>>> print(open('final_2.cif').read())   # mmCIF, C-alpha atoms
data_input
loop_
_atom_site.label_atom_id
_atom_site.label_comp_id
_atom_site.auth_asym_id
_atom_site.auth_seq_id
_atom_site.Cartn_x
_atom_site.Cartn_y
_atom_site.Cartn_z
CA MET E 16 1.39 -14.08 -5.30
CA LEU E 17 0.28 -10.71 -3.95
CA GLY E 18 3.19 -10.75 -1.51
CA LEU E 19 5.65 -11.58 -4.29
CA SER E 20 4.41 -8.64 -6.32
CA ALA E 21 4.64 -6.43 -3.20
CA ALA E 22 8.33 -7.39 -2.88
CA VAL E 23 8.95 -6.28 -6.49
CA GLN E 24 7.10 -3.01 -5.85
CA LEU E 25 9.02 -2.31 -2.62
CA SER E 26 12.34 -2.86 -4.42
CA MET E 27 11.30 -0.49 -7.21
CA VAL E 28 10.05 2.20 -4.79
CA GLY E 29 13.30 1.88 -2.83
CA ALA E 30 15.39 2.29 -6.00
CA MET E 31 13.32 5.31 -7.08
CA GLY E 32 13.55 6.82 -3.59
CA GLN E 33 17.34 6.87 -3.83
CA ARG E 34 17.20 8.75 -7.13
CA LEU E 35 14.25 11.11 -6.56
CA GLY E 36 13.49 11.16 -2.82
CA ALA E 37 10.97 9.21 -0.71
CA ARG E 38 7.95 11.48 -1.27
CA GLU E 39 8.63 11.70 -4.98
CA ALA E 40 8.97 7.91 -5.30
CA THR E 41 5.67 7.53 -3.46
CA TRP E 42 4.09 10.01 -5.86
CA VAL E 43 5.25 8.08 -8.94
CA SER E 44 4.09 4.80 -7.43
CA ILE E 45 0.62 6.10 -6.55
CA LEU E 46 0.11 7.67 -10.00
CA GLY E 47 0.84 4.23 -11.44
CA THR E 48 -1.65 2.59 -9.08
CA LEU E 49 -4.41 5.01 -10.10
CA LEU E 50 -3.56 4.48 -13.78
CA GLY E 51 -3.76 0.71 -13.33
CA LEU E 52 -7.13 1.05 -11.61
CA ALA E 53 -8.39 3.36 -14.36
CA ILE E 54 -7.45 0.80 -17.03
CA VAL E 55 -9.16 -2.03 -15.14
CA VAL E 56 -12.32 0.05 -14.64
CA VAL E 57 -12.47 1.18 -18.30
CA VAL E 58 -11.99 -2.38 -19.58
CA GLN E 59 -14.62 -3.73 -17.18
CA ALA E 60 -17.20 -1.05 -18.03
CA GLY E 61 -20.35 -2.57 -19.43
CA ARG E 62 -22.04 -1.90 -22.76
CA ASP E 63 -23.97 0.95 -21.18
CA ARG E 64 -20.59 2.66 -20.74
CA HIS E 65 -21.01 2.95 -17.00
CA THR E 66 -18.18 1.97 -14.65
CA SER E 67 -18.32 0.42 -11.18
CA LEU E 68 -17.02 3.63 -9.57
CA PRO E 69 -19.21 6.27 -7.86
CA ASN E 70 -20.13 9.54 -9.60
CA PRO E 71 -18.30 11.47 -11.17
CA LEU E 72 -16.17 8.50 -12.26
CA ASP E 73 -19.18 6.37 -13.17
CA ARG E 74 -18.84 7.16 -16.89
CA ARG E 75 -16.23 5.36 -18.96
CA TRP E 76 -15.12 8.42 -20.91
CA VAL E 77 -14.41 10.35 -17.69
CA VAL E 78 -12.16 7.57 -16.35
CA ALA E 79 -10.51 7.19 -19.78
CA GLY E 80 -9.80 10.95 -19.82
CA LEU E 81 -8.36 10.72 -16.33
CA ALA E 82 -6.16 7.84 -17.47
CA VAL E 83 -4.72 10.06 -20.21
CA VAL E 84 -3.94 12.76 -17.62
CA LEU E 85 -2.31 10.14 -15.38
CA VAL E 86 -0.15 8.86 -18.26
CA ALA E 87 1.02 12.43 -18.97
CA ALA E 88 1.76 13.05 -15.27
CA LEU E 89 3.67 9.75 -15.06
CA LEU E 90 5.75 10.49 -18.15
CA ILE E 91 6.72 13.88 -16.71
CA SER E 92 7.40 12.47 -13.23
CA ALA E 93 9.57 9.61 -14.52
CA ARG E 94 11.50 11.76 -17.00
CA ASP E 95 14.79 11.46 -15.08
CA ILE E 96 14.58 7.73 -14.29
CA PRO E 97 14.25 4.57 -16.43
CA LEU E 98 10.76 4.49 -17.92
CA TYR E 99 9.85 1.11 -16.46
CA PHE E 100 9.71 2.73 -13.00
CA ALA E 101 6.50 4.44 -14.18
CA LEU E 102 4.86 1.02 -13.97
CA THR E 103 5.80 0.50 -10.29
CA GLY E 104 2.41 1.41 -8.88
CA THR E 105 0.44 -0.72 -11.32
CA ILE E 106 1.62 -3.72 -9.27
CA ALA E 107 -0.42 -2.43 -6.31
CA THR E 108 -3.57 -2.25 -8.45
CA VAL E 109 -4.24 -5.99 -8.21
CA PHE E 110 -3.26 -6.01 -4.53
CA LEU E 111 -5.78 -3.29 -3.64
CA ILE E 112 -8.65 -4.85 -5.60
CA LEU E 113 -8.00 -8.34 -4.24
CA THR E 114 -7.77 -6.99 -0.66
CA GLY E 115 -11.45 -6.07 -0.96
CA VAL E 116 -12.23 -9.57 -2.24
CA LEU E 117 -10.01 -11.80 -0.08
CA VAL E 118 -9.98 -10.19 3.40
CA PRO E 119 -13.71 -10.79 4.04
CA ARG E 120 -13.23 -14.47 3.08
CA LEU E 121 -9.91 -15.26 4.78
CA GLY E 122 -9.87 -12.84 7.70
CA LEU E 123 -7.21 -10.15 8.03
CA ALA E 124 -4.66 -12.20 10.03
CA LEU E 125 -4.52 -15.08 7.52
CA PHE E 126 -4.54 -12.70 4.54
CA PHE E 127 -1.63 -10.68 5.90
CA ALA E 128 0.30 -13.79 6.98
CA ALA E 129 0.02 -15.18 3.42
CA VAL E 130 1.03 -11.81 1.94
CA THR E 131 4.03 -11.70 4.30
CA LEU E 132 5.06 -15.19 3.18
CA GLY E 133 4.95 -14.05 -0.45
CA THR E 134 6.82 -10.83 0.37
CA VAL E 135 9.70 -12.47 2.24
CA SER E 136 9.99 -15.23 -0.39
CA GLY E 137 10.10 -12.59 -3.13
CA ALA E 138 12.54 -10.46 -1.13
CA LEU E 139 14.87 -13.46 -0.78
CA VAL E 140 15.03 -13.85 -4.56
CA MET E 141 15.16 -10.10 -5.31
CA ASP E 142 18.00 -9.62 -2.78
CA ASP E 143 19.90 -12.58 -4.24
CA LEU E 144 19.63 -11.11 -7.74
CA GLY E 145 20.39 -7.55 -6.62
CA ALA E 146 17.30 -6.40 -8.48
CA PHE E 147 16.93 -2.78 -9.65
CA GLY E 148 20.51 -1.83 -8.79
CA ALA E 149 20.44 -2.98 -5.15
CA THR E 150 23.52 -4.63 -3.62
CA PRO E 151 23.13 -8.44 -4.05
CA GLN E 152 22.64 -10.35 -0.79
CA SER E 153 22.94 -14.11 -1.22
CA VAL E 154 20.56 -16.62 0.32
CA SER E 155 21.94 -17.71 3.72
CA LEU E 156 20.74 -20.44 6.05
CA GLY E 157 19.38 -17.84 8.50
CA ARG E 158 17.38 -16.03 5.84
CA ALA E 159 16.00 -19.27 4.38
CA LEU E 160 15.04 -20.37 7.92
CA GLY E 161 13.23 -17.06 8.38
CA VAL E 162 11.12 -17.69 5.27
CA GLY E 163 10.43 -21.22 6.55
CA LEU E 164 9.17 -19.86 9.90
CA VAL E 165 6.83 -17.46 8.09
CA GLY E 166 5.50 -20.41 6.07
CA VAL E 167 4.90 -22.50 9.22
CA GLY E 168 3.17 -19.56 10.92
CA THR E 169 0.89 -19.02 7.91
CA VAL E 170 -0.14 -22.69 7.97
CA ILE E 171 -0.87 -22.50 11.73
CA VAL E 172 -3.05 -19.38 11.30
CA ARG E 173 -4.84 -21.14 8.41
CA ARG E 174 -5.58 -24.21 10.56
CA ALA E 175 -6.61 -22.25 13.69
CA LYS E 176 -10.33 -22.25 14.45
CA MET H 6 14.82 6.69 24.87
CA THR H 7 14.65 8.24 21.41
CA GLU H 8 15.25 4.86 19.80
CA TRP H 9 12.27 3.43 21.70
CA ALA H 10 10.15 6.31 20.39
CA TYR H 11 11.25 5.48 16.84
CA LEU H 12 10.42 1.80 17.41
CA ALA H 13 7.00 2.76 18.77
CA LEU H 14 6.41 4.95 15.71
CA ALA H 15 7.31 2.10 13.32
CA PHE H 16 5.01 -0.25 15.29
CA ALA H 17 2.18 2.30 15.16
CA LEU H 18 2.62 2.79 11.40
CA GLY H 19 2.37 -1.00 11.05
CA THR H 20 -0.91 -1.11 12.96
CA GLY H 21 -2.17 1.56 10.55
CA THR H 22 -1.60 -0.81 7.63
CA ALA H 23 -3.84 -3.43 9.28
CA VAL H 24 -6.57 -0.84 9.80
CA GLN H 25 -6.21 0.31 6.17
CA LEU H 26 -6.57 -3.23 4.79
CA GLN H 27 -9.70 -3.84 6.86
CA MET H 28 -11.17 -0.50 5.77
CA ILE H 29 -10.57 -1.43 2.10
CA ALA H 30 -12.30 -4.77 2.71
CA ALA H 31 -15.25 -3.03 4.39
CA MET H 32 -15.59 -0.53 1.52
CA GLY H 33 -15.29 -3.40 -0.94
CA GLN H 34 -18.36 -4.98 0.62
CA ALA H 35 -20.30 -1.72 0.88
CA LEU H 36 -19.50 -0.58 -2.69
CA ASN H 37 -17.34 -2.95 -4.74
CA PRO H 38 -13.60 -3.89 -4.70
CA GLN H 39 -12.73 -1.47 -7.54
CA SER H 40 -14.33 1.52 -5.79
CA ALA H 41 -12.67 0.58 -2.49
CA ALA H 42 -9.29 0.34 -4.20
CA TRP H 43 -9.81 3.67 -5.95
CA ILE H 44 -10.88 5.55 -2.81
CA SER H 45 -7.85 4.19 -0.93
CA ALA H 46 -5.39 5.04 -3.74
CA ASN H 47 -7.04 8.45 -4.21
CA GLY H 48 -6.52 9.15 -0.49
CA SER H 49 -2.86 8.13 -0.72
CA TYR H 50 -2.46 10.39 -3.76
CA ALA H 51 -4.01 13.36 -1.95
CA GLY H 52 -1.79 12.74 1.07
CA VAL H 53 1.43 12.62 -0.97
CA ALA H 54 0.42 15.66 -3.03
CA VAL H 55 -0.15 17.63 0.19
CA ALA H 56 3.22 16.43 1.57
CA LEU H 57 5.02 17.42 -1.66
CA GLY H 58 3.24 20.79 -1.72
CA PHE H 59 4.15 21.42 1.93
CA ALA H 60 7.81 20.56 1.23
CA LEU H 61 7.81 23.14 -1.58
CA ILE H 62 6.19 25.79 0.62
CA VAL H 63 8.77 25.37 3.41
CA GLY H 64 11.61 25.47 0.86
CA GLU H 65 12.69 21.82 0.94
CA GLY H 66 12.31 21.63 -2.83
CA SER H 67 11.25 18.63 -4.92
CA GLY H 68 13.00 15.85 -6.79
CA LEU H 69 10.27 15.83 -9.44
CA PRO H 70 10.93 17.39 -12.87
CA THR H 71 9.44 20.70 -14.02
CA PRO H 72 6.56 21.67 -13.85
CA LEU H 73 5.80 19.34 -10.93
CA ASP H 74 8.44 21.08 -8.81
CA GLU H 75 6.37 24.28 -8.78
CA THR H 76 4.24 25.03 -5.72
CA ALA H 77 1.20 26.19 -7.71
CA VAL H 78 1.13 23.04 -9.86
CA MET H 79 1.40 20.73 -6.85
CA ALA H 80 -1.24 22.78 -4.97
CA VAL H 81 -3.70 22.34 -7.86
CA ALA H 82 -2.88 18.60 -8.02
CA ALA H 83 -3.54 18.27 -4.28
CA ILE H 84 -6.82 20.23 -4.34
CA LEU H 85 -8.16 18.23 -7.30
CA GLY H 86 -7.26 15.01 -5.50
CA ILE H 87 -9.00 16.06 -2.28
CA VAL H 88 -12.17 17.23 -4.07
CA LEU H 89 -12.40 14.01 -6.09
CA LEU H 90 -11.77 11.91 -2.96
CA PHE H 91 -14.67 13.45 -1.02
CA ARG H 92 -16.98 13.20 -4.04
CA LEU H 93 -16.24 9.49 -4.42
CA ALA H 94 -16.47 8.68 -0.72
CA ARG H 95 -19.77 10.41 -0.04
CA SER H 96 -21.77 7.15 -0.10
CA VAL H 97 -19.71 5.64 2.75
CA PRO H 98 -19.03 7.06 6.24
CA LEU H 99 -16.72 10.08 5.96
CA TYR H 100 -13.80 8.47 7.81
CA PHE H 101 -13.31 6.04 4.90
CA ALA H 102 -11.93 8.99 2.92
CA GLY H 103 -8.87 8.72 5.19
CA THR H 104 -8.16 5.06 4.29
CA GLY H 105 -5.29 5.83 1.91
CA LEU H 106 -3.58 8.17 4.38
CA PHE H 107 -2.31 5.15 6.32
CA ALA H 108 -0.25 4.21 3.25
CA THR H 109 1.03 7.76 2.86
CA ALA H 110 2.02 7.90 6.53
CA GLY H 111 3.64 4.46 6.28
CA LEU H 112 5.76 5.36 3.26
CA ILE H 113 6.84 8.81 4.45
CA GLY H 114 7.29 7.56 8.03
CA SER H 115 9.52 4.73 6.81
CA ALA H 116 11.63 7.23 4.88
CA PHE H 117 12.04 9.20 8.13
CA LEU H 118 12.85 6.17 10.30
CA VAL H 119 15.15 4.10 8.07
CA PRO H 120 18.15 6.48 8.26
CA ARG H 121 17.72 6.67 12.06
CA ILE H 122 17.31 3.03 13.15
CA GLY H 123 17.97 1.04 9.96
CA VAL H 124 15.79 -0.72 7.44
CA ALA H 125 15.82 -4.12 9.18
CA VAL H 126 14.58 -2.74 12.51
CA VAL H 127 11.94 -0.53 10.85
CA PHE H 128 10.67 -3.45 8.75
CA ALA H 129 10.56 -5.78 11.78
CA ALA H 130 8.72 -3.28 14.05
CA PHE H 131 6.36 -2.31 11.24
CA THR H 132 5.46 -5.93 10.42
CA LEU H 133 5.08 -6.77 14.11
CA GLY H 134 2.66 -3.84 14.42
CA THR H 135 0.63 -5.00 11.43
CA LEU H 136 0.50 -8.63 12.54
CA SER H 137 -0.52 -7.74 16.11
CA ALA H 138 -3.22 -5.42 14.84
CA THR H 139 -4.62 -8.03 12.42
CA LEU H 140 -5.44 -10.29 15.39
CA ILE H 141 -7.21 -7.45 17.20
CA VAL H 142 -9.05 -6.26 14.09
CA ASP H 143 -10.28 -9.82 13.43
CA HIS H 144 -11.17 -10.32 17.11
CA ILE H 145 -13.36 -7.22 17.44
CA GLY H 146 -14.81 -7.54 13.92
CA ALA H 147 -13.75 -3.99 13.05
CA PHE H 148 -15.82 -2.12 10.44
CA ASP H 149 -18.61 -4.71 10.64
CA SER H 150 -16.38 -7.59 9.50
CA GLU H 151 -16.86 -11.20 10.57
CA ARG H 152 -15.43 -11.77 14.07
CA ARG H 153 -12.55 -14.25 14.36
CA ARG H 154 -11.59 -14.59 18.02
CA VAL H 155 -8.00 -14.53 19.25
CA THR H 156 -6.95 -18.08 20.13
CA THR H 157 -3.63 -19.46 21.36
CA GLU H 158 -3.14 -21.14 17.98
CA ARG H 159 -3.64 -17.89 16.07
CA VAL H 160 -1.25 -16.03 18.38
CA VAL H 161 1.37 -18.77 17.95
CA GLY H 162 0.91 -18.71 14.17
CA VAL H 163 1.28 -14.94 13.98
CA GLY H 164 4.29 -15.21 16.34
CA PHE H 165 5.98 -17.60 13.87
CA VAL H 166 5.30 -15.20 10.99
CA ALA H 167 6.75 -12.29 13.00
CA ALA H 168 9.80 -14.30 14.14
CA GLY H 169 10.47 -15.51 10.60
CA THR H 170 10.18 -11.98 9.20
CA ILE H 171 12.59 -10.61 11.80
CA LEU H 172 15.05 -13.47 11.19
CA MET H 173 14.81 -12.94 7.44
CA ARG H 174 15.64 -9.24 7.82
CA THR H 175 18.41 -9.59 10.40
CA ALA H 176 20.22 -12.79 9.34
CA GLY H 177 23.44 -12.21 7.42
#
>>> encode(input="final_2.cif", output="structure tokens")
Amino acid sequence: MLGLSAAVQLSMVGAMGQRLGAREATWVSILGTLLGLAIVVVVQAGRDRHTSLPNPLDRRWVVAGLAVVLVAALLISARDIPLYFALTGTIATVFLILTGVLVPRLGLALFFAAVTLGTVSGALVMDDLGAFGATPQSVSLGRALGVGLVGVGTVIVRRAK
Amino acid sequence: MTEWAYLALAFALGTGTAVQLQMIAAMGQALNPQSAAWISANGSYAGVAVALGFALIVGEGSGLPTPLDETAVMAVAAILGIVLLFRLARSVPLYFAGTGLFATAGLIGSAFLVPRIGVAVVFAAFTLGTLSATLIVDHIGAFDSERRRVTTERVVGVGFVAAGTILMRTAG
């Protein structure tokens, strides 16, 4: 699932990069990631209004204030592109948080193999649809075989002792 | 020769992604997953803000709307990001503040390489770099992680993933 979402994010960053430039697309994406994290942290904050982040972001109102600044920066940054691109980076929010949870349990090789499987599967579908203005690229035998090989490799890494 | 240098750069950027993921995992265990994610994203933000500010200083301009295309505004954004990053990362070893820079380098490096050697080749070399590095990172137990030794089966498995990724990107 994380890999699938990464494929969507990569397509959106690529589309933004063609309109704004690579650095600028990265900027918009990262602002979205920080905004997504801020929302998660504010929602998760306990009744004592303290967050899980280190000082000075350990108080809910500070993170909430930062979220407002991030929304403003995103709205300005995405002024010349469709507004949904402002949400690009929020996709990475879950990926980053779950990296900290899953890598210690699965090991890095298995984690990344599974993410790659999700990414190439997602890319196959996104390319076929021509998502976000990209030129459609239909599913061919070679590309489907490639996804199959990634799947087999992921299973082998999973079974390896 | 130049093309080999570009390939080596894409491979190296891929290994950086593996190191970044393991650093996030290590910070997640030392602090918590949310803090690890924030410190990494904050580092990426600071890196991009510095890159955008540098581009403005050398006259390359910016594709961002006003007022974010002004040097002073981007300089303030970069400084605030750097100050916040070091404040947040002070309870972990200092090098963890650089975690997010691997993502910045990967994104900007890809933008440099794609027009020169093509997206399929960059993606393949990058993924190969990441996959190779994941085996080594697991094997040595980098950043105090659990050690998972390199075995023939793991190498074969990662080889399949790499071959499938390359086929996926190069097949018509």
>>> interface_residues(input="final_2.cif", of="chain H", to="chain E", cutoff="7 Å", atoms="all atoms listed in the file", output="PyMOL selection string")
chain H and resi 26-27+29-30+33+38-43+46+50+53+57+68-70+93+113+116+136+139-140+143+150+158-159+162-163+165-166+169-170+172-173+176-177
>>> write_last_selection(input="final_2.cif", atoms="C-alpha atoms", output="PDB file, in the coordinates of the input")
ATOM      1  CA  LEU H  26      -6.570  -3.230   4.790  1.00  0.00           C
ATOM      2  CA  GLN H  27      -9.700  -3.840   6.860  1.00  0.00           C
ATOM      3  CA  ILE H  29     -10.570  -1.430   2.100  1.00  0.00           C
ATOM      4  CA  ALA H  30     -12.300  -4.770   2.710  1.00  0.00           C
ATOM      5  CA  GLY H  33     -15.290  -3.400  -0.940  1.00  0.00           C
ATOM      6  CA  PRO H  38     -13.600  -3.890  -4.700  1.00  0.00           C
ATOM      7  CA  GLN H  39     -12.730  -1.470  -7.540  1.00  0.00           C
ATOM      8  CA  SER H  40     -14.330   1.520  -5.790  1.00  0.00           C
ATOM      9  CA  ALA H  41     -12.670   0.580  -2.490  1.00  0.00           C
ATOM     10  CA  ALA H  42      -9.290   0.340  -4.200  1.00  0.00           C
ATOM     11  CA  TRP H  43      -9.810   3.670  -5.950  1.00  0.00           C
ATOM     12  CA  ALA H  46      -5.390   5.040  -3.740  1.00  0.00           C
ATOM     13  CA  TYR H  50      -2.460  10.390  -3.760  1.00  0.00           C
ATOM     14  CA  VAL H  53       1.430  12.620  -0.970  1.00  0.00           C
ATOM     15  CA  LEU H  57       5.020  17.420  -1.660  1.00  0.00           C
ATOM     16  CA  GLY H  68      13.000  15.850  -6.790  1.00  0.00           C
ATOM     17  CA  LEU H  69      10.270  15.830  -9.440  1.00  0.00           C
ATOM     18  CA  PRO H  70      10.930  17.390 -12.870  1.00  0.00           C
ATOM     19  CA  LEU H  93     -16.240   9.490  -4.420  1.00  0.00           C
ATOM     20  CA  ILE H 113       6.840   8.810   4.450  1.00  0.00           C
ATOM     21  CA  ALA H 116      11.630   7.230   4.880  1.00  0.00           C
ATOM     22  CA  LEU H 136       0.500  -8.630  12.540  1.00  0.00           C
ATOM     23  CA  THR H 139      -4.620  -8.030  12.420  1.00  0.00           C
ATOM     24  CA  LEU H 140      -5.440 -10.290  15.390  1.00  0.00           C
ATOM     25  CA  ASP H 143     -10.280  -9.820  13.430  1.00  0.00           C
ATOM     26  CA  SER H 150     -16.380  -7.590   9.500  1.00  0.00           C
ATOM     27  CA  GLU H 158      -3.140 -21.140  17.980  1.00  0.00           C
ATOM     28  CA  ARG H 159      -3.640 -17.890  16.070  1.00  0.00           C
ATOM     29  CA  GLY H 162       0.910 -18.710  14.170  1.00  0.00           C
ATOM     30  CA  VAL H 163       1.280 -14.940  13.980  1.00  0.00           C
ATOM     31  CA  PHE H 165       5.980 -17.600  13.870  1.00  0.00           C
ATOM     32  CA  VAL H 166       5.300 -15.200  10.990  1.00  0.00           C
ATOM     33  CA  GLY H 169      10.470 -15.510  10.600  1.00  0.00           C
ATOM     34  CA  THR H 170      10.180 -11.980   9.200  1.00  0.00           C
ATOM     35  CA  LEU H 172      15.050 -13.470  11.190  1.00  0.00           C
ATOM     36  CA  MET H 173      14.810 -12.940   7.440  1.00  0.00           C
ATOM     37  CA  ALA H 176      20.220 -12.790   9.340  1.00  0.00           C
ATOM     38  CA  GLY H 177      23.440 -12.210   7.420  1.00  0.00           C
TER      39      GLY H 177
END
>>> closest_residue(input="final_2.cif", among="H:Ala54, H:Leu90, H:Met28, H:Ala60", to="Val78 (chain H)", atoms="all atoms listed in the file")
H:Ala54
>>> residues_around(input="final_2.cif", residues="Ala13 (chain H)", least_positions_apart="4", cutoff="10 Å", atoms="only C-alpha atoms", output="short mmCIF file (atom, residue, chain, number, x, y, z; two decimals) with C-alpha atoms, in the coordinates of the input")
data_model
loop_
_atom_site.label_atom_id
_atom_site.label_comp_id
_atom_site.auth_asym_id
_atom_site.auth_seq_id
_atom_site.Cartn_x
_atom_site.Cartn_y
_atom_site.Cartn_z
CA THR H 7 14.65 8.24 21.41
CA GLU H 8 15.25 4.86 19.80
CA TRP H 9 12.27 3.43 21.70
CA ALA H 17 2.18 2.30 15.16
CA LEU H 18 2.62 2.79 11.40
CA GLY H 19 2.37 -1.00 11.05
CA VAL H 127 11.94 -0.53 10.85
CA ALA H 130 8.72 -3.28 14.05
CA PHE H 131 6.36 -2.31 11.24
CA GLY H 134 2.66 -3.84 14.42
#
>>> residues_around(input="final_2.cif", residues="Val124 (chain H)", least_positions_apart="2", cutoff="12 Å", atoms="only C-alpha atoms", output="PyMOL selection string")
(chain E and resi 29) or (chain H and resi 12+15+114-122+126-132+171+174-175)
>>> resolve_selection(input="final_2.cif", expression="the PyMOL selection byres ((chain H and resi 97) around 12)", output="PyMOL selection string")
(chain E and resi 69) or (chain H and resi 28-29+31-37+40-41+44+90-96+98-104+148)
>>> atom_distance(input="final_2.cif", atom1="CA of Val57 (chain E)", atom2="CA of Ala51 (chain H)")
22.1 Å
>>> build_atoms(input="final_2.cif", residues="region 47-67 of chain H", atoms="N, CA and C atoms", output="mmCIF file, in the frame of the given file")
data_model
loop_
_atom_site.group_PDB
_atom_site.id
_atom_site.type_symbol
_atom_site.label_atom_id
_atom_site.label_comp_id
_atom_site.auth_asym_id
_atom_site.auth_seq_id
_atom_site.Cartn_x
_atom_site.Cartn_y
_atom_site.Cartn_z
ATOM 1 N N ASN H 47 -6.783 7.007 -4.070
ATOM 2 C CA ASN H 47 -7.040 8.450 -4.210
ATOM 3 C C ASN H 47 -6.633 9.179 -2.919
ATOM 4 N N GLY H 48 -6.908 8.548 -1.775
ATOM 5 C CA GLY H 48 -6.520 9.150 -0.490
ATOM 6 C C GLY H 48 -5.009 9.212 -0.342
ATOM 7 N N SER H 49 -4.330 8.139 -0.778
ATOM 8 C CA SER H 49 -2.860 8.130 -0.720
ATOM 9 C C SER H 49 -2.293 9.233 -1.619
ATOM 10 N N TYR H 50 -2.898 9.352 -2.812
ATOM 11 C CA TYR H 50 -2.460 10.390 -3.760
ATOM 12 C C TYR H 50 -2.596 11.786 -3.137
ATOM 13 N N ALA H 51 -3.776 12.044 -2.550
ATOM 14 C CA ALA H 51 -4.010 13.360 -1.950
ATOM 15 C C ALA H 51 -3.004 13.620 -0.832
ATOM 16 N N GLY H 52 -2.734 12.589 -0.029
ATOM 17 C CA GLY H 52 -1.790 12.740 1.070
ATOM 18 C C GLY H 52 -0.380 13.063 0.586
ATOM 19 N N VAL H 53 0.077 12.364 -0.449
ATOM 20 C CA VAL H 53 1.430 12.620 -0.970
ATOM 21 C C VAL H 53 1.498 13.984 -1.642
ATOM 22 N N ALA H 54 0.428 14.350 -2.363
ATOM 23 C CA ALA H 54 0.420 15.660 -3.030
ATOM 24 C C ALA H 54 0.512 16.786 -1.994
ATOM 25 N N VAL H 55 -0.220 16.623 -0.884
ATOM 26 C CA VAL H 55 -0.150 17.630 0.190
ATOM 27 C C VAL H 55 1.266 17.665 0.787
ATOM 28 N N ALA H 56 1.863 16.488 1.000
ATOM 29 C CA ALA H 56 3.220 16.430 1.570
ATOM 30 C C ALA H 56 4.236 17.086 0.624
ATOM 31 N N LEU H 57 4.104 16.809 -0.682
ATOM 32 C CA LEU H 57 5.020 17.420 -1.660
ATOM 33 C C LEU H 57 4.811 18.929 -1.727
ATOM 34 N N GLY H 58 3.548 19.353 -1.692
ATOM 35 C CA GLY H 58 3.240 20.790 -1.720
ATOM 36 C C GLY H 58 3.791 21.484 -0.480
ATOM 37 N N PHE H 59 3.642 20.837 0.683
ATOM 38 C CA PHE H 59 4.150 21.420 1.930
ATOM 39 C C PHE H 59 5.669 21.565 1.876
ATOM 40 N N ALA H 60 6.339 20.518 1.336
ATOM 41 C CA ALA H 60 7.810 20.560 1.230
ATOM 42 C C ALA H 60 8.243 21.743 0.348
ATOM 43 N N LEU H 61 7.476 22.006 -0.702
ATOM 44 C CA LEU H 61 7.810 23.140 -1.580
ATOM 45 C C LEU H 61 7.588 24.467 -0.851
ATOM 46 N N ILE H 62 6.506 24.544 -0.084
ATOM 47 C CA ILE H 62 6.190 25.790 0.620
ATOM 48 C C ILE H 62 7.270 26.124 1.657
ATOM 49 N N VAL H 63 7.755 25.103 2.374
ATOM 50 C CA VAL H 63 8.770 25.370 3.410
ATOM 51 C C VAL H 63 10.193 25.404 2.842
ATOM 52 N N GLY H 64 10.305 25.288 1.505
ATOM 53 C CA GLY H 64 11.610 25.470 0.860
ATOM 54 C C GLY H 64 12.472 24.227 0.790
ATOM 55 N N GLU H 65 11.892 23.063 1.029
ATOM 56 C CA GLU H 65 12.690 21.820 0.940
ATOM 57 C C GLU H 65 12.910 21.387 -0.504
ATOM 58 N N GLY H 66 12.155 21.967 -1.420
ATOM 59 C CA GLY H 66 12.310 21.630 -2.830
ATOM 60 C C GLY H 66 11.651 20.304 -3.183
ATOM 61 N N SER H 67 11.863 19.869 -4.444
ATOM 62 C CA SER H 67 11.250 18.630 -4.920
ATOM 63 C C SER H 67 12.195 17.939 -5.882
#
